[in-house]
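Notes follow once the structure below has been shown.
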Amino acid sequence: MKKILQIVLICITIIAFAQNKEIIKLKGSIPNNGENEYIALHVIDQRIDKTIGILPFDDHKETREVVFETSPNDDLGNWYRKSNYKGGKQELILVLKELKLSVKESGGTRDFGTIDFSVQAFAKERDEYHFLYKKDTVFAFSGKNVSDIMVKNIHHIFSGFLSLTYNKKPNVDILTINEASDYEGYIKNNYKIFKTETLKDGVYLDHISFFKQIPEDGNFVLEKNDHGGGVVRAIAEKDGKKRKISASKMFAYVENGKAYKKVSERFLELNRNENGFYLLSKPADIFSAQVSPFAMMGLAGVLIQSIATDRTNNDAVKEIYIDPLTGEYDISDENLNKLIQ
């Protein structure tokens, strides 16, 4: 009888424990339709805090811990393998920096929630790593049972990130595992722009050449229009042959030591401080009013559109930084931070 009672108590404990977990379900397929084929996906979990979130569910009747079914490496690796059978020589490596869910109870019918998401992707062949892509952002949600909404969207976030990664060309820099594990440190220690205050005049077609300070070969002359003085093209002549680069092909140019970044149909001066290079501009002038900053991740569910709109379509001039890893724009999440404090 005593043994039966012990077994019952153990079963009750196991059931209670299982009920306190909310498992992330990685649903759907994630086929790699890019040019680079990867034989497998592996995750290096660098999260300082491995707890994803302990959140209220079922109208705040129960608190559960959000968890992977087994581990990030096993779950994401199996998910990738089910959708991709082509093989390949390289492996796709994800360095997971952050995955954190938070909820702020509003006291009303709708709560606010955020997902802090930070991950980097690398192509690995033998012991060599090549950077592919990164995303470091905060996703915001609003609604009744917002915890459930967020958990259901985690697979959309990873799926969207992988879709973007599949189409990225591996960076030519060959990295060791230690360099890939601290890629920001590698960039700052090896890219010339972080070692000098003087910028090299010339035309730059991508963010890598700009941050490495390797302008296009040739003595280019900037041709400007007669109205606003904006650059329309750069022309270089060598051995009687002219090479022309239109403004639309440029990432940036440097003239008399000052850098200018291509933004839509014009160039804006790139400023610099201890945090990096940035534009002083209204977000609405930088980001398309038609595209939510979250849409590119394939997110489903209820987003806080007012915050997304405020971040991209307001009249306040902000410091909009250029991410040296991707060349993409980075904007402060100050409004989100105020929301969840």
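Naming scheme: A, B, ... for chains in displayed order of the structure tokens; residues 1 onward per chain; ligands 1 onward as shown.
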
Need to verify the contact set: A:Tyr166, 9 Å, only C-alpha atoms, exclusion of same-chain residues closer than 2 positions in sequence. Can you return it as a CSV table (one decimal) with N, CA, C and O atoms, in the first residue's frame?
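The resulting file, part_4.csv, is reproduced below:
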```csv
chain,number,residue,atom,x,y,z
A,32,ASN,N,14.8,25.4,-47.1
A,32,ASN,CA,15.9,26.3,-47.6
A,32,ASN,C,15.9,26.5,-49.1
A,32,ASN,O,16.3,25.6,-49.8
A,33,ASN,N,15.4,27.6,-49.5
A,33,ASN,CA,15.2,27.9,-51.0
A,33,ASN,C,16.4,28.8,-51.5
A,33,ASN,O,16.3,29.3,-52.6
A,34,GLY,N,17.4,29.0,-50.6
A,34,GLY,CA,18.5,29.9,-51.0
A,34,GLY,C,19.5,29.1,-51.8
A,34,GLY,O,19.4,27.9,-52.1
A,35,GLU,N,20.6,29.8,-52.2
A,35,GLU,CA,21.6,29.2,-53.0
A,35,GLU,C,22.5,28.3,-52.2
A,35,GLU,O,23.1,27.4,-52.8
A,36,ASN,N,22.7,28.6,-50.9
A,36,ASN,CA,23.6,27.8,-50.1
A,36,ASN,C,22.8,26.7,-49.4
A,36,ASN,O,21.8,26.9,-48.7
A,37,GLU,N,23.3,25.4,-49.6
A,37,GLU,CA,22.7,24.3,-49.0
A,37,GLU,C,23.4,23.9,-47.7
A,37,GLU,O,24.7,23.9,-47.7
A,132,LEU,N,26.8,35.2,-41.7
A,132,LEU,CA,25.7,35.3,-42.7
A,132,LEU,C,24.7,36.5,-42.3
A,132,LEU,O,24.5,37.4,-43.1
A,161,PHE,N,13.5,34.6,-39.5
A,161,PHE,CA,14.9,34.8,-39.4
A,161,PHE,C,15.6,33.9,-40.4
A,161,PHE,O,16.6,34.3,-41.1
A,162,LEU,N,15.2,32.6,-40.4
A,162,LEU,CA,15.9,31.6,-41.3
A,162,LEU,C,15.6,31.9,-42.7
A,162,LEU,O,16.5,31.8,-43.6
A,163,SER,N,14.4,32.4,-43.1
A,163,SER,CA,14.1,32.8,-44.5
A,163,SER,C,15.0,33.9,-44.9
A,163,SER,O,15.5,33.9,-46.1
A,164,LEU,N,15.3,34.9,-44.1
A,164,LEU,CA,16.2,35.9,-44.4
A,164,LEU,C,17.7,35.4,-44.5
A,164,LEU,O,18.4,35.8,-45.4
A,168,LYS,N,21.3,35.0,-47.7
A,168,LYS,CA,22.5,35.8,-47.4
A,168,LYS,C,23.8,35.1,-47.9
A,168,LYS,O,23.9,33.9,-47.7
A,169,LYS,N,24.6,35.9,-48.6
A,169,LYS,CA,25.9,35.3,-49.0
A,169,LYS,C,26.9,35.3,-47.9
A,169,LYS,O,27.0,36.3,-47.2
```

inquiry  = Just want the 8 Å neighbourhood of stretch 41-45 of chain A, counted on only C-alpha atoms, with same-chain residues fewer than 2 positions away dropped. Output as a count of residues only.
reply    = 17

task = Pick out each residue of stretch 144-289 of chain A that DSSP on the backbone tags as strand (DSSP E or B); I need them as a PyMOL selection string.
result = chain A and resi 175+202-204+221-224+231-238+241-246+252-255+258-263+266-269+271-273+276-281

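In this structure, atom CA of A:Lys144 sits 12.9 Å away from atom CA of A:Lys61.
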
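Here atom CA of A:Pro215 and atom CA of A:Lys249 stand 13.3 Å from one another.
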
request  = Please provide as a ChimeraX atom specification all residues within 10 Å of stretch 184-192 of chain A, with the sequence filter that same-chain residues fewer than 6 positions apart are discarded (counting only C-alpha atoms).
outcome  = /A:175,178,199,208-214,324-325

Using N, CA and C atoms, can you export the residues from the last selection as a PDB file, in the first residue's frame?
```
ATOM      1  N   LEU A 175      36.497  32.747 -39.968  1.00  0.00           N
ATOM      2  CA  LEU A 175      36.494  32.899 -38.524  1.00  0.00           C
ATOM      3  C   LEU A 175      36.746  31.578 -37.825  1.00  0.00           C
ATOM      4  N   ASN A 178      35.926  30.772 -31.760  1.00  0.00           N
ATOM      5  CA  ASN A 178      35.980  31.847 -30.770  1.00  0.00           C
ATOM      6  C   ASN A 178      35.625  33.195 -31.387  1.00  0.00           C
ATOM      7  N   LEU A 199      38.536  59.024 -42.385  1.00  0.00           N
ATOM      8  CA  LEU A 199      37.884  58.173 -43.385  1.00  0.00           C
ATOM      9  C   LEU A 199      38.519  58.394 -44.751  1.00  0.00           C
ATOM     10  N   ILE A 208      30.335  46.345 -45.933  1.00  0.00           N
ATOM     11  CA  ILE A 208      31.594  45.699 -45.569  1.00  0.00           C
ATOM     12  C   ILE A 208      32.783  46.525 -46.065  1.00  0.00           C
ATOM     13  N   SER A 209      32.720  46.947 -47.326  1.00  0.00           N
ATOM     14  CA  SER A 209      33.825  47.764 -47.852  1.00  0.00           C
ATOM     15  C   SER A 209      33.932  49.083 -47.107  1.00  0.00           C
ATOM     16  N   PHE A 210      32.801  49.634 -46.680  1.00  0.00           N
ATOM     17  CA  PHE A 210      32.832  50.894 -45.933  1.00  0.00           C
ATOM     18  C   PHE A 210      33.501  50.706 -44.580  1.00  0.00           C
ATOM     19  N   PHE A 211      33.087  49.700 -43.834  1.00  0.00           N
ATOM     20  CA  PHE A 211      33.656  49.508 -42.499  1.00  0.00           C
ATOM     21  C   PHE A 211      35.088  48.967 -42.556  1.00  0.00           C
ATOM     22  N   LYS A 212      35.445  48.322 -43.648  1.00  0.00           N
ATOM     23  CA  LYS A 212      36.842  47.921 -43.832  1.00  0.00           C
ATOM     24  C   LYS A 212      37.673  49.042 -44.451  1.00  0.00           C
ATOM     25  N   GLN A 213      37.001  50.100 -44.892  1.00  0.00           N
ATOM     26  CA  GLN A 213      37.633  51.251 -45.536  1.00  0.00           C
ATOM     27  C   GLN A 213      38.404  50.846 -46.792  1.00  0.00           C
ATOM     28  N   ILE A 214      37.690  50.135 -47.679  1.00  0.00           N
ATOM     29  CA  ILE A 214      38.245  49.738 -48.966  1.00  0.00           C
ATOM     30  C   ILE A 214      37.327  50.287 -50.059  1.00  0.00           C
ATOM     31  N   PRO A 324      27.157  47.586 -38.070  1.00  0.00           N
ATOM     32  CA  PRO A 324      28.334  47.201 -38.857  1.00  0.00           C
ATOM     33  C   PRO A 324      28.336  45.729 -39.263  1.00  0.00           C
ATOM     34  N   LEU A 325      27.527  44.905 -38.604  1.00  0.00           N
ATOM     35  CA  LEU A 325      27.478  43.489 -38.967  1.00  0.00           C
ATOM     36  C   LEU A 325      26.648  43.246 -40.215  1.00  0.00           C
TER      37      LEU A 325
END
```

note = Using only C-alpha atoms, the residue out of A:Pro283, A:Gly327, A:Gly28, A:Pro170 with shortest distance to A:His207 is A:Gly327

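Between A:Ala259 and the residues A:Gly202, A:Gly240, A:Gly276, A:Gly143, the shortest atom-to-atom distance, using only C-alpha atoms, involves A:Gly202.
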